[in-house]
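Q: Structure: entry13.pdb, PDB, C-alpha atoms, pLDDT in the B column.
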ATOM      1  CA  MET J   1      62.620 107.783 115.159  1.00 47.00           C
ATOM      2  CA  ALA J   2      65.488 105.301 115.486  1.00 54.00           C
ATOM      3  CA  GLN J   3      68.800 106.732 116.589  1.00 62.00           C
ATOM      4  CA  ALA J   4      71.655 106.434 114.105  1.00 66.00           C
ATOM      5  CA  PRO J   5      74.369 103.944 115.060  1.00 66.00           C
ATOM      6  CA  ARG J   6      77.476 105.346 116.713  1.00 92.00           C
ATOM      7  CA  ALA J   7      79.615 102.555 115.292  1.00 97.00           C
ATOM      8  CA  TYR J   8      80.015 101.389 111.717  1.00 98.00           C
ATOM      9  CA  VAL J   9      81.877  98.535 110.088  1.00 99.00           C
ATOM     10  CA  LEU J  10      83.090  99.349 106.591  1.00 98.00           C
ATOM     11  CA  ASP J  11      83.359  96.406 104.258  1.00 97.00           C
ATOM     12  CA  SER J  12      85.632  96.214 101.237  1.00 97.00           C
ATOM     13  CA  PHE J  13      82.825  97.362  98.903  1.00 97.00           C
ATOM     14  CA  ALA J  14      82.478 100.628 100.845  1.00 98.00           C
ATOM     15  CA  LEU J  15      86.209 101.299 100.947  1.00 97.00           C
ATOM     16  CA  LEU J  16      86.687 100.534  97.262  1.00 97.00           C
ATOM     17  CA  ALA J  17      83.771 102.850  96.414  1.00 96.00           C
ATOM     18  CA  PHE J  18      85.478 105.585  98.449  1.00 97.00           C
ATOM     19  CA  LEU J  19      88.933 104.992  96.981  1.00 96.00           C
ATOM     20  CA  GLN J  20      87.644 104.856  93.395  1.00 95.00           C
ATOM     21  CA  ASP J  21      85.117 107.707  93.772  1.00 95.00           C
ATOM     22  CA  GLU J  22      82.210 105.440  92.869  1.00 94.00           C
ATOM     23  CA  PRO J  23      78.558 105.798  93.953  1.00 94.00           C
ATOM     24  CA  GLY J  24      78.448 105.866  97.736  1.00 95.00           C
ATOM     25  CA  ALA J  25      81.888 107.469  98.073  1.00 97.00           C
ATOM     26  CA  ASP J  26      80.373 110.668  99.487  1.00 97.00           C
ATOM     27  CA  ARG J  27      78.654 108.795 102.323  1.00 97.00           C
ATOM     28  CA  VAL J  28      81.840 106.921 103.185  1.00 98.00           C
ATOM     29  CA  ALA J  29      83.711 110.259 103.198  1.00 98.00           C
ATOM     30  CA  GLU J  30      81.071 111.688 105.591  1.00 97.00           C
ATOM     31  CA  LEU J  31      81.525 108.759 107.953  1.00 97.00           C
ATOM     32  CA  LEU J  32      85.311 109.074 107.816  1.00 98.00           C
ATOM     33  CA  GLU J  33      85.079 112.783 108.626  1.00 97.00           C
ATOM     34  CA  ALA J  34      82.751 112.058 111.557  1.00 96.00           C
ATOM     35  CA  GLY J  35      85.246 109.438 112.710  1.00 97.00           C
ATOM     36  CA  ARG J  36      88.067 111.989 112.552  1.00 96.00           C
ATOM     37  CA  ARG J  37      86.013 114.369 114.692  1.00 95.00           C
ATOM     38  CA  GLY J  38      85.345 111.597 117.207  1.00 92.00           C
ATOM     39  CA  GLY J  39      81.601 111.550 116.606  1.00 87.00           C
ATOM     40  CA  LEU J  40      81.528 107.833 115.911  1.00 95.00           C
ATOM     41  CA  LYS J  41      83.713 104.735 115.746  1.00 97.00           C
ATOM     42  CA  LEU J  42      84.661 103.096 112.469  1.00 98.00           C
ATOM     43  CA  TYR J  43      85.850  99.516 112.221  1.00 99.00           C
ATOM     44  CA  LEU J  44      87.354  97.352 109.518  1.00 98.00           C
ATOM     45  CA  SER J  45      88.152  93.673 109.824  1.00 97.00           C
ATOM     46  CA  VAL J  46      91.669  92.736 108.829  1.00 97.00           C
ATOM     47  CA  LEU J  47      90.123  90.333 106.309  1.00 97.00           C
ATOM     48  CA  ASN J  48      88.256  93.178 104.579  1.00 97.00           C
ATOM     49  CA  LEU J  49      91.498  95.177 104.581  1.00 98.00           C
ATOM     50  CA  ALA J  50      93.174  92.253 102.824  1.00 97.00           C
ATOM     51  CA  GLU J  51      90.330  92.152 100.277  1.00 97.00           C
ATOM     52  CA  VAL J  52      90.905  95.799  99.367  1.00 98.00           C
ATOM     53  CA  VAL J  53      94.626  95.144  98.932  1.00 98.00           C
ATOM     54  CA  TYR J  54      94.302  92.024  96.772  1.00 97.00           C
ATOM     55  CA  ARG J  55      91.602  93.565  94.591  1.00 97.00           C
ATOM     56  CA  THR J  56      93.816  96.602  94.059  1.00 97.00           C
ATOM     57  CA  VAL J  57      96.802  94.387  93.194  1.00 98.00           C
ATOM     58  CA  ARG J  58      94.700  92.545  90.599  1.00 97.00           C
ATOM     59  CA  ALA J  59      93.299  95.700  89.034  1.00 96.00           C
ATOM     60  CA  TYR J  60      96.223  98.124  89.284  1.00 96.00           C
ATOM     61  CA  GLY J  61      99.358  96.321  90.442  1.00 98.00           C
ATOM     62  CA  LEU J  62     101.436  96.045  93.590  1.00 98.00           C
ATOM     63  CA  GLU J  63     102.738  99.616  93.683  1.00 98.00           C
ATOM     64  CA  ARG J  64      99.233 101.098  93.675  1.00 97.00           C
ATOM     65  CA  ALA J  65      98.077  98.549  96.246  1.00 97.00           C
ATOM     66  CA  MET J  66     100.856  99.599  98.627  1.00 98.00           C
ATOM     67  CA  ALA J  67      99.858 103.255  98.158  1.00 97.00           C
ATOM     68  CA  VAL J  68      96.234 102.342  98.909  1.00 97.00           C
ATOM     69  CA  LEU J  69      97.312 100.452 102.020  1.00 97.00           C
ATOM     70  CA  ALA J  70      99.285 103.474 103.227  1.00 97.00           C
ATOM     71  CA  ARG J  71      96.245 105.688 102.647  1.00 96.00           C
ATOM     72  CA  LEU J  72      93.949 103.302 104.525  1.00 96.00           C
ATOM     73  CA  GLU J  73      96.313 103.267 107.485  1.00 95.00           C
ATOM     74  CA  GLU J  74      95.874 107.048 107.779  1.00 96.00           C
ATOM     75  CA  LEU J  75      92.076 106.827 108.003  1.00 97.00           C
ATOM     76  CA  PRO J  76      90.224 106.849 111.341  1.00 98.00           C
ATOM     77  CA  LEU J  77      89.506 103.127 111.169  1.00 97.00           C
ATOM     78  CA  GLU J  78      90.161 100.584 113.870  1.00 97.00           C
ATOM     79  CA  VAL J  79      91.426  97.512 112.049  1.00 98.00           C
ATOM     80  CA  VAL J  80      90.179  94.527 114.030  1.00 98.00           C
ATOM     81  CA  GLU J  81      92.214  91.340 114.125  1.00 97.00           C
ATOM     82  CA  VAL J  82      90.233  88.120 113.918  1.00 97.00           C
ATOM     83  CA  ASP J  83      90.321  86.398 117.282  1.00 97.00           C
ATOM     84  CA  ARG J  84      88.882  82.991 118.065  1.00 98.00           C
ATOM     85  CA  GLY J  85      85.540  84.368 119.268  1.00 98.00           C
ATOM     86  CA  LEU J  86      84.983  86.552 116.221  1.00 98.00           C
ATOM     87  CA  ALA J  87      86.043  83.777 113.852  1.00 98.00           C
ATOM     88  CA  LEU J  88      83.620  81.331 115.457  1.00 98.00           C
ATOM     89  CA  GLU J  89      80.779  83.853 115.458  1.00 97.00           C
ATOM     90  CA  ALA J  90      81.400  84.464 111.752  1.00 98.00           C
ATOM     91  CA  ALA J  91      81.506  80.700 111.189  1.00 98.00           C
ATOM     92  CA  LEU J  92      78.042  80.374 112.745  1.00 97.00           C
ATOM     93  CA  VAL J  93      76.780  83.097 110.417  1.00 98.00           C
ATOM     94  CA  LYS J  94      78.419  81.373 107.436  1.00 98.00           C
ATOM     95  CA  GLY J  95      76.783  78.097 108.433  1.00 97.00           C
ATOM     96  CA  ARG J  96      73.356  79.705 107.955  1.00 97.00           C
ATOM     97  CA  HIS J  97      74.056  81.958 104.972  1.00 97.00           C
ATOM     98  CA  ALA J  98      75.594  81.220 101.566  1.00 95.00           C
ATOM     99  CA  VAL J  99      77.718  84.361 101.357  1.00 96.00           C
ATOM    100  CA  ALA J 100      81.453  85.042 101.470  1.00 96.00           C
ATOM    101  CA  PHE J 101      83.180  84.425 104.789  1.00 97.00           C
ATOM    102  CA  ALA J 102      84.571  87.986 104.779  1.00 97.00           C
ATOM    103  CA  ASP J 103      80.977  89.281 104.638  1.00 97.00           C
ATOM    104  CA  CYS J 104      80.005  87.018 107.538  1.00 98.00           C
ATOM    105  CA  LEU J 105      82.980  88.362 109.471  1.00 98.00           C
ATOM    106  CA  ALA J 106      81.940  91.981 108.839  1.00 98.00           C
ATOM    107  CA  ALA J 107      78.396  91.215 110.024  1.00 98.00           C
ATOM    108  CA  ALA J 108      79.690  89.424 113.131  1.00 98.00           C
ATOM    109  CA  LEU J 109      81.983  92.370 113.879  1.00 98.00           C
ATOM    110  CA  ALA J 110      79.089  94.819 113.507  1.00 98.00           C
ATOM    111  CA  ARG J 111      77.040  92.752 115.934  1.00 97.00           C
ATOM    112  CA  ARG J 112      79.981  92.670 118.366  1.00 97.00           C
ATOM    113  CA  VAL J 113      80.435  96.457 118.361  1.00 97.00           C
ATOM    114  CA  GLY J 114      76.714  97.253 118.242  1.00 96.00           C
ATOM    115  CA  GLY J 115      77.015  98.951 114.880  1.00 97.00           C
ATOM    116  CA  ALA J 116      75.905  98.716 111.269  1.00 97.00           C
ATOM    117  CA  VAL J 117      77.738  97.429 108.217  1.00 98.00           C
ATOM    118  CA  VAL J 118      78.219 100.045 105.487  1.00 98.00           C
ATOM    119  CA  THR J 119      78.149  98.420 102.064  1.00 98.00           C
ATOM    120  CA  GLY J 120      76.623  98.222  98.644  1.00 96.00           C
ATOM    121  CA  ASP J 121      77.279  94.497  98.277  1.00 95.00           C
ATOM    122  CA  PRO J 122      73.893  92.863  97.575  1.00 94.00           C
ATOM    123  CA  ASP J 123      74.970  89.717  99.448  1.00 94.00           C
ATOM    124  CA  PHE J 124      74.461  91.643 102.686  1.00 96.00           C
ATOM    125  CA  GLY J 125      70.718  91.565 102.029  1.00 94.00           C
ATOM    126  CA  GLU J 126      70.888  88.051 103.399  1.00 94.00           C
ATOM    127  CA  LEU J 127      72.788  89.230 106.493  1.00 96.00           C
ATOM    128  CA  GLU J 128      70.442  91.993 107.671  1.00 95.00           C
ATOM    129  CA  GLU J 129      69.092  89.615 110.315  1.00 94.00           C
ATOM    130  CA  VAL J 130      72.616  89.360 111.760  1.00 96.00           C
ATOM    131  CA  ALA J 131      73.452  93.074 111.882  1.00 97.00           C
ATOM    132  CA  PRO J 132      71.945  96.303 110.561  1.00 96.00           C
ATOM    133  CA  VAL J 133      73.114  97.353 107.109  1.00 97.00           C
ATOM    134  CA  GLU J 134      73.469 100.904 105.851  1.00 96.00           C
ATOM    135  CA  TRP J 135      73.192 100.682 102.093  1.00 97.00           C
ATOM    136  CA  LEU J 136      75.306 102.995 100.015  1.00 96.00           C
ATOM    137  CA  GLN J 137      73.437 105.197  97.552  1.00 79.00           C
ATOM    138  CA  GLY J 138      71.554 103.247  94.931  1.00 65.00           C
ATOM    139  CA  GLN J 139      72.904  99.905  96.108  1.00 61.00           C
ATOM    140  CA  GLN J 140      70.122  98.344  98.213  1.00 65.00           C
ATOM    141  CA  PRO J 141      69.086  95.005  96.705  1.00 64.00           C
ATOM    142  CA  GLY J 142      65.563  94.264  95.529  1.00 58.00           C
TER     143      GLY J 142
END
Let me see whether you can do it: turn the structure in this file into structure tokens.
A:
Amino acid sequence: MAQAPRAYVLDSFALLAFLQDEPGADRVAELLEAGRRGGLKLYLSVLNLAEVVYRTVRAYGLERAMAVLARLEELPLEVVEVDRGLALEAALVKGRHAVAFADCLAAALARRVGGAVVTGDPDFGELEEVAPVEWLQGQQPG
């Protein structure tokens, strides 16, 4: 039996599911609790953080977005800045796959840290060759 990853990259889909108590929120909460206990490492690209903020601004306004940002900063997530190497690795992924650059960045980050992307975004079906994907409940494409 394959061993579960000890590192996970949360994409914006996973965080929004958690924040809005949507399907998959329980699994994200489990991972966050394991991260608090030190049982695994959780990562978030700064670009996916920005996605959560702008989507919250659009849906609920600036005040709520700032509250969400404050909440995210309290979670056991390492927010990873995009350096040249990560940006270029994501660019190579984007060159082969017609998905959003932020998704390519999350997949490249997962590959870098030896982890899996946690998401329900069906576009990641195309990126499973780049990095493992843990699909949130009821979200796996096909």
Q: Neighbours of range 125-134 of chain J within 8 Å (all atoms listed in the file; same-chain residues fewer than 6 positions away dropped), as a list in words?
A: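 With the cut-off at 8 Å, the set is Val93, His97, Cys104, Ala107, Ala108, Ala110, Arg111, Gly115, Ala116, Val117, Val118, Thr119, Gln140 and Pro141 of chain J.
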Q: Please provide the set of residues having any atom within 12 Å of range 45-61 of chain J, restricted to all atoms listed in the file, with same-chain residues fewer than 4 positions apart removed, written as a PyMOL selection string.
A: chain J and resi 8-20+65-73+77-83+86-87+90+100-110+112-113+117+119
Q: Take the selection from the previous step and output its residues with C-alpha atoms, as a PDB file, in the coordinates of the input.
A:
ATOM      1  CA  TYR J   8      80.015 101.389 111.717  1.00 98.00           C
ATOM      2  CA  VAL J   9      81.877  98.535 110.088  1.00 99.00           C
ATOM      3  CA  LEU J  10      83.090  99.349 106.591  1.00 98.00           C
ATOM      4  CA  ASP J  11      83.359  96.406 104.258  1.00 97.00           C
ATOM      5  CA  SER J  12      85.632  96.214 101.237  1.00 97.00           C
ATOM      6  CA  PHE J  13      82.825  97.362  98.903  1.00 97.00           C
ATOM      7  CA  ALA J  14      82.478 100.628 100.845  1.00 98.00           C
ATOM      8  CA  LEU J  15      86.209 101.299 100.947  1.00 97.00           C
ATOM      9  CA  LEU J  16      86.687 100.534  97.262  1.00 97.00           C
ATOM     10  CA  ALA J  17      83.771 102.850  96.414  1.00 96.00           C
ATOM     11  CA  PHE J  18      85.478 105.585  98.449  1.00 97.00           C
ATOM     12  CA  LEU J  19      88.933 104.992  96.981  1.00 96.00           C
ATOM     13  CA  GLN J  20      87.644 104.856  93.395  1.00 95.00           C
ATOM     14  CA  ALA J  65      98.077  98.549  96.246  1.00 97.00           C
ATOM     15  CA  MET J  66     100.856  99.599  98.627  1.00 98.00           C
ATOM     16  CA  ALA J  67      99.858 103.255  98.158  1.00 97.00           C
ATOM     17  CA  VAL J  68      96.234 102.342  98.909  1.00 97.00           C
ATOM     18  CA  LEU J  69      97.312 100.452 102.020  1.00 97.00           C
ATOM     19  CA  ALA J  70      99.285 103.474 103.227  1.00 97.00           C
ATOM     20  CA  ARG J  71      96.245 105.688 102.647  1.00 96.00           C
ATOM     21  CA  LEU J  72      93.949 103.302 104.525  1.00 96.00           C
ATOM     22  CA  GLU J  73      96.313 103.267 107.485  1.00 95.00           C
ATOM     23  CA  LEU J  77      89.506 103.127 111.169  1.00 97.00           C
ATOM     24  CA  GLU J  78      90.161 100.584 113.870  1.00 97.00           C
ATOM     25  CA  VAL J  79      91.426  97.512 112.049  1.00 98.00           C
ATOM     26  CA  VAL J  80      90.179  94.527 114.030  1.00 98.00           C
ATOM     27  CA  GLU J  81      92.214  91.340 114.125  1.00 97.00           C
ATOM     28  CA  VAL J  82      90.233  88.120 113.918  1.00 97.00           C
ATOM     29  CA  ASP J  83      90.321  86.398 117.282  1.00 97.00           C
ATOM     30  CA  LEU J  86      84.983  86.552 116.221  1.00 98.00           C
ATOM     31  CA  ALA J  87      86.043  83.777 113.852  1.00 98.00           C
ATOM     32  CA  ALA J  90      81.400  84.464 111.752  1.00 98.00           C
ATOM     33  CA  ALA J 100      81.453  85.042 101.470  1.00 96.00           C
ATOM     34  CA  PHE J 101      83.180  84.425 104.789  1.00 97.00           C
ATOM     35  CA  ALA J 102      84.571  87.986 104.779  1.00 97.00           C
ATOM     36  CA  ASP J 103      80.977  89.281 104.638  1.00 97.00           C
ATOM     37  CA  CYS J 104      80.005  87.018 107.538  1.00 98.00           C
ATOM     38  CA  LEU J 105      82.980  88.362 109.471  1.00 98.00           C
ATOM     39  CA  ALA J 106      81.940  91.981 108.839  1.00 98.00           C
ATOM     40  CA  ALA J 107      78.396  91.215 110.024  1.00 98.00           C
ATOM     41  CA  ALA J 108      79.690  89.424 113.131  1.00 98.00           C
ATOM     42  CA  LEU J 109      81.983  92.370 113.879  1.00 98.00           C
ATOM     43  CA  ALA J 110      79.089  94.819 113.507  1.00 98.00           C
ATOM     44  CA  ARG J 112      79.981  92.670 118.366  1.00 97.00           C
ATOM     45  CA  VAL J 113      80.435  96.457 118.361  1.00 97.00           C
ATOM     46  CA  VAL J 117      77.738  97.429 108.217  1.00 98.00           C
ATOM     47  CA  THR J 119      78.149  98.420 102.064  1.00 98.00           C
TER      48      THR J 119
END
Q: At what distance in Å, to one decimal, does CA of Arg36 in chain J lie from CA of Gly85 in chain J?
A: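 A separation of 28.5 Å between them.
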Q: Report as a list in words the residues that result from applying the PyMOL selection byres ((chain J and resi 41) around 8) to the structure here.
A: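 Residues picked by the PyMOL selection byres ((chain J and resi 41) around 8): Arg6, Ala7, Tyr8, Gly35, Gly38, Gly39, Leu40, Leu42, Tyr43, Leu77 and Glu78 of chain J.
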Q: So what do you get for CA of Leu32 in chain J versus CA of Asp121 in chain J, distance-wise?
A: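 Between these atoms lies a distance of 19.2 Å.
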